[in-house]
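Q: Dropping in start24.pdb, which is PDB, C-alpha atoms and all ligand atoms:
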ATOM      1  CA  MET A1071       0.000   0.000   0.000
ATOM      2  CA  ARG A1072       1.423   3.336  -1.050
ATOM      3  CA  TRP A1073       1.789   6.132   1.443
ATOM      4  CA  ARG A1074      -0.544   9.002   0.670
ATOM      5  CA  PRO A1075       0.185  12.456   1.957
ATOM      6  CA  LEU A1076      -2.553  14.170   3.946
ATOM      7  CA  GLY A1077      -4.524  16.729   2.025
ATOM      8  CA  ARG A1078      -4.150  20.391   3.068
ATOM      9  CA  ARG A1079      -7.503  20.374   4.827
ATOM     10  CA  SER A1080      -6.773  17.162   6.738
ATOM     11  CA  LEU A1081      -3.306  18.361   7.642
ATOM     12  CA  THR A1082      -4.630  21.691   8.898
ATOM     13  CA  GLY A1083      -7.204  19.887  10.988
ATOM     14  CA  ALA A1084      -4.588  17.586  12.454
ATOM     15  CA  VAL A1085      -2.304  20.496  13.351
ATOM     16  CA  ILE A1086      -5.128  22.462  14.954
ATOM     17  CA  ALA A1087      -6.235  19.416  16.906
ATOM     18  CA  ALA A1088      -2.679  18.878  18.145
ATOM     19  CA  LEU A1089      -2.314  22.534  19.187
ATOM     20  CA  MET A1090      -5.665  22.466  20.958
ATOM     21  CA  THR A1091      -4.647  19.307  22.797
ATOM     22  CA  THR A1092      -1.458  20.959  24.016
ATOM     23  CA  GLY A1093      -3.268  24.151  24.940
ATOM     24  CA  LEU A1094      -1.287  26.309  22.508
ATOM     25  CA  ILE A1095      -4.412  27.746  20.909
ATOM     26  CA  PRO A1096      -7.800  28.305  22.474
ATOM     27  CA  LEU A1097     -10.830  26.405  21.329
ATOM     28  CA  ALA A1098     -12.550  29.616  20.249
ATOM     29  CA  VAL A1099     -10.394  30.100  17.132
ATOM     30  CA  THR A1100     -11.800  27.020  15.432
ATOM     31  CA  SER A1101     -15.277  27.998  14.391
ATOM     32  CA  SER A1102     -16.417  24.508  13.405
ATOM     33  CA  ALA A1103     -15.186  22.958  16.657
ATOM     34  CA  ARG A1104     -16.742  25.857  18.619
ATOM     35  CA  ALA A1105     -20.117  25.301  16.995
ATOM     36  CA  ALA A1106     -20.032  21.625  17.871
ATOM     37  CA  THR A1107     -18.820  21.885  21.466
ATOM     38  CA  ALA A1108     -19.515  25.353  22.851
ATOM     39  CA  PRO A1109     -22.620  27.510  23.216
ATOM     40  CA  VAL A1110     -22.966  30.210  20.585
ATOM     41  CA  ASP A1111     -22.625  33.869  21.573
ATOM     42  CA  SER A1112     -26.375  34.456  21.745
ATOM     43  CA  ASP A1113     -26.766  31.550  24.170
ATOM     44  CA  ARG A1114     -23.909  32.852  26.316
ATOM     45  CA  ALA A1115     -25.446  36.337  26.330
ATOM     46  CA  LYS A1116     -28.797  34.958  27.449
ATOM     47  CA  ALA A1117     -27.137  32.982  30.243
ATOM     48  CA  ALA A1118     -25.026  35.973  31.304
ATOM     49  CA  ALA A1119     -27.969  38.363  31.154
ATOM     50  CA  VAL A1120     -29.566  36.805  34.215
ATOM     51  CA  VAL A1121     -26.654  37.787  36.459
ATOM     52  CA  ASN A1122     -26.670  41.369  37.726
ATOM     53  CA  LEU A1123     -23.024  41.763  38.705
ATOM     54  CA  ALA A1124     -23.789  44.990  40.595
ATOM     55  CA  LEU A1125     -26.481  43.608  42.898
ATOM     56  CA  GLY A1126     -25.469  44.103  46.515
ATOM     57  CA  ARG A1127     -22.045  45.466  45.572
ATOM     58  CA  PRO A1128     -20.654  48.622  47.222
ATOM     59  CA  ALA A1129     -21.706  51.863  45.535
ATOM     60  CA  THR A1130     -20.317  55.361  46.007
ATOM     61  CA  ALA A1131     -21.133  58.806  44.612
ATOM     62  CA  GLY A1132     -19.554  62.200  44.248
ATOM     63  CA  GLY A1133     -22.303  63.572  46.498
ATOM     64  CA  SER A1134     -25.707  62.689  47.905
ATOM     65  CA  ASN A1135     -28.859  64.408  49.077
ATOM     66  CA  GLY A1136     -29.675  63.367  52.640
ATOM     67  CA  PRO A1137     -30.918  59.790  52.924
ATOM     68  CA  TYR A1138     -30.812  59.188  49.155
ATOM     69  CA  THR A1139     -27.409  57.603  49.316
ATOM     70  CA  ALA A1140     -25.392  55.753  46.685
ATOM     71  CA  GLY A1141     -26.069  52.338  48.219
ATOM     72  CA  ASN A1142     -29.664  52.621  47.024
ATOM     73  CA  VAL A1143     -28.587  51.956  43.407
ATOM     74  CA  THR A1144     -27.437  48.382  44.131
ATOM     75  CA  ASP A1145     -30.012  47.247  46.698
ATOM     76  CA  GLY A1146     -32.192  45.540  44.077
ATOM     77  CA  THR A1147     -35.191  47.738  44.881
ATOM     78  CA  GLN A1148     -36.422  50.034  42.131
ATOM     79  CA  ALA A1149     -38.352  52.215  44.583
ATOM     80  CA  SER A1150     -35.245  53.292  46.550
ATOM     81  CA  TYR A1151     -32.973  55.782  44.807
ATOM     82  CA  TRP A1152     -29.825  57.854  44.956
ATOM     83  CA  GLU A1153     -30.028  61.604  44.420
ATOM     84  CA  GLY A1154     -27.167  64.027  43.999
ATOM     85  CA  PRO A1155     -26.951  67.388  45.808
ATOM     86  CA  ALA A1156     -29.700  69.780  44.654
ATOM     87  CA  GLY A1157     -28.757  72.027  41.775
ATOM     88  CA  SER A1158     -25.290  70.522  41.451
ATOM     89  CA  PHE A1159     -24.091  69.093  38.134
ATOM     90  CA  PRO A1160     -22.210  67.103  37.046
ATOM     91  CA  GLN A1161     -22.654  64.255  39.513
ATOM     92  CA  TRP A1162     -21.674  60.600  39.422
ATOM     93  CA  VAL A1163     -22.550  57.318  41.096
ATOM     94  CA  GLN A1164     -20.588  54.103  40.653
ATOM     95  CA  VAL A1165     -20.507  50.456  41.650
ATOM     96  CA  ASP A1166     -17.505  48.307  42.557
ATOM     97  CA  LEU A1167     -17.996  44.833  41.085
ATOM     98  CA  GLY A1168     -15.269  43.456  43.362
ATOM     99  CA  ALA A1169     -13.118  42.210  40.466
ATOM    100  CA  THR A1170     -12.615  43.018  36.815
ATOM    101  CA  ARG A1171     -15.423  41.555  34.731
ATOM    102  CA  THR A1172     -16.335  41.532  31.067
ATOM    103  CA  VAL A1173     -19.372  43.795  30.857
ATOM    104  CA  ASP A1174     -21.750  43.972  27.883
ATOM    105  CA  GLU A1175     -24.873  45.734  29.151
ATOM    106  CA  VAL A1176     -25.840  48.340  31.749
ATOM    107  CA  VAL A1177     -29.445  48.936  32.821
ATOM    108  CA  LEU A1178     -30.454  52.206  34.488
ATOM    109  CA  LYS A1179     -33.658  52.626  36.469
ATOM    110  CA  LEU A1180     -35.726  55.239  38.273
ATOM    111  CA  PRO A1181     -38.767  54.428  40.427
ATOM    112  CA  ALA A1182     -41.229  52.862  37.980
ATOM    113  CA  ALA A1183     -44.139  55.279  38.505
ATOM    114  CA  TRP A1184     -42.197  58.552  38.291
ATOM    115  CA  GLU A1185     -43.173  60.893  35.476
ATOM    116  CA  SER A1186     -40.980  60.836  32.425
ATOM    117  CA  ARG A1187     -37.719  62.775  32.205
ATOM    118  CA  ASN A1188     -34.450  62.879  30.325
ATOM    119  CA  GLN A1189     -31.095  62.670  32.002
ATOM    120  CA  THR A1190     -27.960  63.540  30.082
ATOM    121  CA  LEU A1191     -25.393  60.964  31.051
ATOM    122  CA  SER A1192     -22.393  58.945  30.015
ATOM    123  CA  LEU A1193     -21.175  55.534  31.153
ATOM    124  CA  GLN A1194     -17.606  55.121  32.299
ATOM    125  CA  ALA A1195     -15.476  52.184  33.430
ATOM    126  CA  SER A1196     -12.287  51.588  35.350
ATOM    127  CA  THR A1197     -10.228  48.621  36.445
ATOM    128  CA  ASP A1198      -8.427  50.453  39.288
ATOM    129  CA  GLY A1199     -10.992  52.964  40.559
ATOM    130  CA  SER A1200      -8.908  55.987  39.598
ATOM    131  CA  THR A1201      -8.540  56.024  35.817
ATOM    132  CA  PHE A1202     -11.856  55.955  33.993
ATOM    133  CA  ARG A1203     -12.578  55.579  30.299
ATOM    134  CA  THR A1204     -15.804  56.188  28.407
ATOM    135  CA  LEU A1205     -17.992  53.178  27.667
ATOM    136  CA  GLU A1206     -20.888  55.141  26.187
ATOM    137  CA  ALA A1207     -20.630  58.829  25.266
ATOM    138  CA  SER A1208     -22.827  61.437  26.894
ATOM    139  CA  THR A1209     -26.348  61.595  25.492
ATOM    140  CA  GLY A1210     -29.911  62.217  26.672
ATOM    141  CA  ARG A1211     -31.462  59.025  28.058
ATOM    142  CA  ALA A1212     -35.262  58.933  28.263
ATOM    143  CA  PHE A1213     -36.803  57.527  31.458
ATOM    144  CA  ASN A1214     -40.451  56.789  30.727
ATOM    145  CA  PRO A1215     -43.012  55.173  33.059
ATOM    146  CA  ALA A1216     -44.449  53.408  29.997
ATOM    147  CA  GLN A1217     -41.188  51.441  29.994
ATOM    148  CA  ALA A1218     -41.135  51.227  33.799
ATOM    149  CA  ASN A1219     -38.481  53.987  33.802
ATOM    150  CA  THR A1220     -36.005  51.317  32.766
ATOM    151  CA  VAL A1221     -33.234  52.197  30.300
ATOM    152  CA  PRO A1222     -31.133  49.307  28.968
ATOM    153  CA  VAL A1223     -27.832  50.375  27.422
ATOM    154  CA  GLY A1224     -26.141  47.657  25.370
ATOM    155  CA  LEU A1225     -22.437  48.364  24.982
ATOM    156  CA  ALA A1226     -21.044  48.608  21.471
ATOM    157  CA  SER A1227     -18.443  46.039  22.486
ATOM    158  CA  PRO A1228     -17.782  44.088  25.706
ATOM    159  CA  ALA A1229     -15.573  45.994  28.129
ATOM    160  CA  GLU A1230     -13.296  45.019  30.998
ATOM    161  CA  ALA A1231     -14.442  46.831  34.122
ATOM    162  CA  ARG A1232     -14.359  46.574  37.880
ATOM    163  CA  TYR A1233     -15.901  50.004  38.495
ATOM    164  CA  VAL A1234     -18.866  51.140  36.398
ATOM    165  CA  ARG A1235     -19.817  54.790  36.767
ATOM    166  CA  VAL A1236     -22.804  56.823  35.597
ATOM    167  CA  HIS A1237     -21.806  60.459  35.002
ATOM    168  CA  ILE A1238     -24.834  62.776  34.907
ATOM    169  CA  THR A1239     -24.791  66.364  33.669
ATOM    170  CA  GLY A1240     -28.508  67.194  33.462
ATOM    171  CA  ASN A1241     -32.028  66.119  34.437
ATOM    172  CA  THR A1242     -35.201  67.551  32.866
ATOM    173  CA  GLY A1243     -37.453  66.200  35.647
ATOM    174  CA  TRP A1244     -35.663  67.310  38.815
ATOM    175  CA  ASN A1245     -32.880  69.690  39.751
ATOM    176  CA  ALA A1246     -30.538  66.871  40.737
ATOM    177  CA  ALA A1247     -29.056  63.675  39.379
ATOM    178  CA  GLN A1248     -31.157  60.601  40.193
ATOM    179  CA  LEU A1249     -30.875  56.861  39.841
ATOM    180  CA  SER A1250     -32.629  54.032  41.643
ATOM    181  CA  GLU A1251     -30.830  51.008  40.178
ATOM    182  CA  LEU A1252     -27.525  50.601  38.380
ATOM    183  CA  GLU A1253     -27.479  47.078  36.963
ATOM    184  CA  VAL A1254     -24.448  45.622  35.224
ATOM    185  CA  TYR A1255     -24.559  42.475  33.104
ATOM    186  CA  GLY A1256     -21.817  40.353  31.664
ATOM    187  CA  ASP A1257     -19.494  37.466  32.364
ATOM    188  CA  ASP A1258     -19.648  36.493  36.024
ATOM    189  CA  GLY A1259     -16.046  35.266  35.895
ATOM    190  CA  GLY A1260     -16.978  31.687  36.636
ATOM    191  CA  THR A1261     -18.279  32.447  40.105
ATOM    192  CA  THR A1262     -21.440  30.442  39.487
ATOM    193  CA  PRO A1263     -21.121  27.477  41.868
ATOM    194  CA  PRO A1264     -20.787  24.025  40.263
ATOM    195  CA  PRO A1265     -23.608  21.489  40.671
ATOM    196  CA  THR A1266     -23.799  19.632  43.983
ATOM    197  CA  GLY A1267     -21.689  16.483  43.922
ATOM    198  CA  THR A1268     -19.060  17.866  41.549
ATOM    199  CA  ASN A1269     -15.565  16.532  42.286
ATOM    200  CA  LEU A1270     -13.649  19.813  42.459
ATOM    201  CA  ALA A1271     -10.275  18.020  42.541
ATOM    202  CA  ARG A1272     -10.810  16.128  39.303
ATOM    203  CA  ASN A1273      -7.856  16.633  36.938
ATOM    204  CA  LYS A1274      -6.506  19.465  39.082
ATOM    205  CA  PRO A1275      -2.748  19.792  39.767
ATOM    206  CA  VAL A1276      -1.603  17.637  42.663
ATOM    207  CA  GLU A1277       1.698  17.143  44.493
ATOM    208  CA  ALA A1278       3.126  14.518  46.826
ATOM    209  CA  THR A1279       6.212  14.258  49.007
ATOM    210  CA  SER A1280       7.419  11.377  46.825
ATOM    211  CA  SER A1281       6.299   8.700  44.392
ATOM    212  CA  VAL A1282       7.631   5.447  43.009
ATOM    213  CA  HIS A1283       7.818   4.350  39.368
ATOM    214  CA  ASN A1284       4.772   5.633  37.482
ATOM    215  CA  PHE A1285       2.553   5.702  40.564
ATOM    216  CA  VAL A1286       2.583   9.484  40.492
ATOM    217  CA  ALA A1287       0.436  11.885  42.479
ATOM    218  CA  ALA A1288      -1.648  12.808  39.436
ATOM    219  CA  ASN A1289      -3.141   9.315  39.584
ATOM    220  CA  ALA A1290      -5.072  10.454  42.641
ATOM    221  CA  THR A1291      -7.038  13.088  40.723
ATOM    222  CA  ASP A1292      -7.406  11.457  37.284
ATOM    223  CA  ASP A1293     -10.922  10.182  38.031
ATOM    224  CA  SER A1294      -9.821   6.564  37.550
ATOM    225  CA  THR A1295      -9.944   4.021  40.367
ATOM    226  CA  SER A1296      -7.575   1.688  38.484
ATOM    227  CA  THR A1297      -4.592   4.022  38.800
ATOM    228  CA  TYR A1298      -3.054   4.997  42.115
ATOM    229  CA  TRP A1299      -0.335   7.010  43.802
ATOM    230  CA  GLU A1300       2.341   5.297  45.884
ATOM    231  CA  ALA A1301       4.984   6.969  47.996
ATOM    232  CA  ALA A1302       8.648   6.074  47.529
ATOM    233  CA  GLY A1303      10.086   3.386  49.886
ATOM    234  CA  PRO A1304      12.405   5.511  52.095
ATOM    235  CA  SER A1305       9.460   7.347  53.587
ATOM    236  CA  LEU A1306       8.384   4.028  55.190
ATOM    237  CA  ARG A1307      11.771   3.374  56.837
ATOM    238  CA  PRO A1308      10.773   4.594  60.351
ATOM    239  CA  HIS A1309       8.017   1.971  60.411
ATOM    240  CA  ARG A1310      10.459  -0.746  59.333
ATOM    241  CA  GLN A1311      12.936   0.375  62.029
ATOM    242  CA  ALA A1312      10.249   0.267  64.689
ATOM    243  CA  ARG A1313       9.261  -3.240  63.565
ATOM    244  CA  GLY A1314      12.913  -4.357  63.765
ATOM    245  CA  ARG A1315      13.276  -3.017  67.306
ATOM    246  CA  ARG A1316      10.115  -4.841  68.402
ATOM    247  CA  ARG A1317      11.481  -8.119  66.975
ATOM    248  CA  ARG A1318      14.810  -7.675  68.800
ATOM    249  CA  ARG A1319      12.956  -7.008  72.070
ATOM    250  CA  ARG A1320      10.934 -10.219  71.587
ATOM    251  CA  ARG A1321      14.232 -12.134  71.080
ATOM    252  CA  GLY A1322      15.612 -10.623  74.309
ATOM    253  CA  GLY A1323      18.049  -8.400  72.484
ATOM    254  CA  GLN A1324      18.696  -4.762  73.146
ATOM    255  CA  ALA A1325      17.115  -2.341  70.786
ATOM    256  CA  GLN A1326      19.534   0.178  69.360
ATOM    257  CA  PRO A1327      18.622   3.833  69.227
ATOM    258  CA  GLY A1328      17.658   4.967  65.768
ATOM    259  CA  PRO A1329      18.781   8.039  63.864
ATOM    260  CA  GLY A1330      17.669  11.327  65.305
ATOM    261  CA  VAL A1331      18.120  10.120  68.902
ATOM    262  CA  GLY A1332      21.886  10.130  68.946
ATOM    263  CA  GLY A1333      22.580   6.667  67.544
ATOM    264  CA  GLN A1334      23.292   5.097  64.207
ATOM    265  CA  ASP A1335      20.869   3.842  61.622
ATOM    266  CA  PRO A1336      20.787   0.075  62.396
ATOM    267  CA  GLU A1337      20.407  -0.684  58.703
ATOM    268  CA  HIS A1338      23.313   1.556  57.681
ATOM    269  CA  PRO A1339      25.972   1.575  60.410
ATOM    270  CA  GLY A1340      28.115   4.664  60.160
ATOM    271  CA  ALA A1341      25.330   6.737  58.662
ATOM    272  CA  GLY A1342      24.353   8.376  61.941
ATOM    273  CA  PRO A1343      24.875  12.013  62.728
TER
HETATM  274 CA    CA A1401     -32.695  50.945  44.612
END
Take the structure in this file and express it as structure tokens.

A:
Amino acid sequence: MRWRPLGRRSLTGAVIAALMTTGLIPLAVTSSARAATAPVDSDRAKAAAVVNLALGRPATAGGSNGPYTAGNVTDGTQASYWEGPAGSFPQWVQVDLGATRTVDEVVLKLPAAWESRNQTLSLQASTDGSTFRTLEASTGRAFNPAQANTVPVGLASPAEARYVRVHITGNTGWNAAQLSELEVYGDDGGTTPPPTGTNLARNKPVEATSSVHNFVAANATDDSTSTYWEAAGPSLRPHRQARGRRRRRRRGGQAQPGPGVGGQDPEHPGAGP
């Protein structure tokens, strides 16, 4: 049988498969493999959209009016709101997500029954809390009770952010900046807990003080009961020494002190300290 070279397509597939196996390229670059094994973007967006990364997270503002403090924008209650100092613009309110996340949508709310108004605002983001960049440029955003005073703002492209800030320069309905909820959606960073019963150690890195032959530590986390880890022999020596001393006592002999107690190793005379 004659050897036949692989066609270009087969060869490319083989190379990609080898690189994927060794982790040199991510799965995402192979569109056909991605379609077969990973959820498509729309599915991921739907799954991510149910997680409000800002809920319950610390919120701060440049200023507040009495009891209408910044924490009201992340308490999950649309009826409670933050309000900036009267007659003072611009104002800002921000949330700390606790870690840098990939954000793709921000939803702004005012109490659902309030009469309609426009607030001129921009969205900003930061990864360190001090340097902010613009996510969405300043524009008038319409809060309308017909839409439950809810304003979803889909980002033009996903952004890395730990701090998401709403910067407000005007409000047609009240002489102050106002916001009742600042919701942030995106990748939760894998913080969703795994299903109950998941073996968290499976295929994770593992170490041991020693091993013998191919009975390596990784055998303890490979999810196979037919492979096992075994420590190297020398680590068992103290037990063997103790057994030898017990035998000598039974024969009426005098046990010799072992290493570490001032004597010599009975198995290796001259090897003591
Ligand atoms: Ca609230």

Q: Carefully work through the PyMOL selection byres (((not hetatm)) within 8 of (chain A and resi 1401)) for this structure and note down the residues it includes, as a list in words.

A: Gly1141, Asn1142, Val1143, Thr1144, Asp1145, Gly1146, Thr1147, Gln1148, Ala1149, Ser1150, Tyr1151, Trp1152, Leu1249, Ser1250 and Glu1251 of chain A

Q: Measure the distance from atom CA of A:Pro1222 to atom CA of A:Lys1179 in Å and round it to one decimal.

A: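 Spanning atom CA of A:Pro1222 to atom CA of A:Lys1179 is a straight-line distance of 8.6 Å.
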
Q: To test your reading of the syntax: which residues would the PyMOL selection byres (((chain A and resi 1177) around 12) and not hetatm) return for the file shown? Reply as a ChimeraX atom specification.

A: /A:1119,1122-1125,1143-1144,1148,1173-1176,1178-1180,1193,1211,1213,1218-1225,1234-1236,1249-1256

Q: List as a ChimeraX atom specification the residues having at least one atom at most 12 Å from position (-24.7, 60.9, 48.5) as given in the file, counting all atoms listed in the file.

A: /A:1129-1143,1151-1156,1158,1161-1164,1246-1249

Q: Would you write out, as a list in words, every residue that the PyMOL selection byres (((chain A and resi 1290) around 12) and not hetatm) captures in this file?

A: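 Selected by the PyMOL selection byres (((chain A and resi 1290) around 12) and not hetatm) in this file: Ala1271, Arg1272, Asn1273, Lys1274, Pro1275, Val1276, Glu1277, Ala1278, Ser1281, Phe1285, Val1286, Ala1287, Ala1288, Asn1289, Thr1291, Asp1292, Asp1293, Ser1294, Thr1295, Ser1296, Thr1297, Tyr1298, Trp1299, Glu1300 and Ala1301 of chain A.
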
Q: Go ahead and save the picked residues with C-alpha atoms, as a PDB file, in the frame of the given file.

A:
ATOM      1  CA  ALA A1271     -10.275  18.020  42.541  1.00  0.00           C
ATOM      2  CA  ARG A1272     -10.810  16.128  39.303  1.00  0.00           C
ATOM      3  CA  ASN A1273      -7.856  16.633  36.938  1.00  0.00           C
ATOM      4  CA  LYS A1274      -6.506  19.465  39.082  1.00  0.00           C
ATOM      5  CA  PRO A1275      -2.748  19.792  39.767  1.00  0.00           C
ATOM      6  CA  VAL A1276      -1.603  17.637  42.663  1.00  0.00           C
ATOM      7  CA  GLU A1277       1.698  17.143  44.493  1.00  0.00           C
ATOM      8  CA  ALA A1278       3.126  14.518  46.826  1.00  0.00           C
ATOM      9  CA  SER A1281       6.299   8.700  44.392  1.00  0.00           C
ATOM     10  CA  PHE A1285       2.553   5.702  40.564  1.00  0.00           C
ATOM     11  CA  VAL A1286       2.583   9.484  40.492  1.00  0.00           C
ATOM     12  CA  ALA A1287       0.436  11.885  42.479  1.00  0.00           C
ATOM     13  CA  ALA A1288      -1.648  12.808  39.436  1.00  0.00           C
ATOM     14  CA  ASN A1289      -3.141   9.315  39.584  1.00  0.00           C
ATOM     15  CA  THR A1291      -7.038  13.088  40.723  1.00  0.00           C
ATOM     16  CA  ASP A1292      -7.406  11.457  37.284  1.00  0.00           C
ATOM     17  CA  ASP A1293     -10.922  10.182  38.031  1.00  0.00           C
ATOM     18  CA  SER A1294      -9.821   6.564  37.550  1.00  0.00           C
ATOM     19  CA  THR A1295      -9.944   4.021  40.367  1.00  0.00           C
ATOM     20  CA  SER A1296      -7.575   1.688  38.484  1.00  0.00           C
ATOM     21  CA  THR A1297      -4.592   4.022  38.800  1.00  0.00           C
ATOM     22  CA  TYR A1298      -3.054   4.997  42.115  1.00  0.00           C
ATOM     23  CA  TRP A1299      -0.335   7.010  43.802  1.00  0.00           C
ATOM     24  CA  GLU A1300       2.341   5.297  45.884  1.00  0.00           C
ATOM     25  CA  ALA A1301       4.984   6.969  47.996  1.00  0.00           C
TER      26      ALA A1301
END

Q: Measure the distance from atom CA of A:Ser1196 to atom CA of A:Pro1228 in Å and round it to one decimal.

A: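 Those two atoms sit 13.4 Å apart.
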
Q: Any chance you could work out the axis-aligned box around stretch 1197-1200 of chain A, listed atoms only, 6 Å on each side, giving centre and edge lengths in Å to one decimal, as lines of an AutoDock Vina configuration file?

A:
center_x = -9.7
center_y = 52.3
center_z = 38.5
size_x = 14.6
size_y = 19.4
size_z = 16.1

Q: Expressed in Å to a single decimal, how great is the separation between atom CA of A:Trp1184 and atom CA of A:Thr1242?

A: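 Distance between the two atoms: 12.6 Å.
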
Q: Can you pull out the residues contacting stretch 1229-1231 of chain A? Cut-off 10 Å, using all atoms listed in the file, and skip same-chain residues under 2 positions away; I want them as a CSV table (one decimal) with C-alpha atoms, keeping the file's coordinate frame.

A:
chain,number,residue,atom,x,y,z
A,1166,ASP,CA,-17.5,48.3,42.6
A,1167,LEU,CA,-18.0,44.8,41.1
A,1168,GLY,CA,-15.3,43.5,43.4
A,1169,ALA,CA,-13.1,42.2,40.5
A,1170,THR,CA,-12.6,43.0,36.8
A,1171,ARG,CA,-15.4,41.6,34.7
A,1172,THR,CA,-16.3,41.5,31.1
A,1173,VAL,CA,-19.4,43.8,30.9
A,1174,ASP,CA,-21.8,44.0,27.9
A,1175,GLU,CA,-24.9,45.7,29.2
A,1194,GLN,CA,-17.6,55.1,32.3
A,1195,ALA,CA,-15.5,52.2,33.4
A,1196,SER,CA,-12.3,51.6,35.4
A,1197,THR,CA,-10.2,48.6,36.4
A,1198,ASP,CA,-8.4,50.5,39.3
A,1199,GLY,CA,-11.0,53.0,40.6
A,1202,PHE,CA,-11.9,56.0,34.0
A,1203,ARG,CA,-12.6,55.6,30.3
A,1205,LEU,CA,-18.0,53.2,27.7
A,1225,LEU,CA,-22.4,48.4,25.0
A,1226,ALA,CA,-21.0,48.6,21.5
A,1227,SER,CA,-18.4,46.0,22.5
A,1233,TYR,CA,-15.9,50.0,38.5
A,1234,VAL,CA,-18.9,51.1,36.4
A,1235,ARG,CA,-19.8,54.8,36.8
A,1256,GLY,CA,-21.8,40.4,31.7
A,1257,ASP,CA,-19.5,37.5,32.4

Q: Do you know which residues lie at most 8 Å from (-26.5, 61.5, 29.4), with coordinates as in the file and all atoms listed in the file counted, and could you write them as a ChimeraX atom specification?

A: /A:1189-1192,1207-1211,1237-1240

Q: From the options A:Val1282, A:Asn1269, A:Pro1128, A:Gln1217, which residue's atoms come nearest to A:Ala1302, counting only C-alpha atoms?

A: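 Checking each candidate against A:Ala1302, we get A:Val1282 as the closest.
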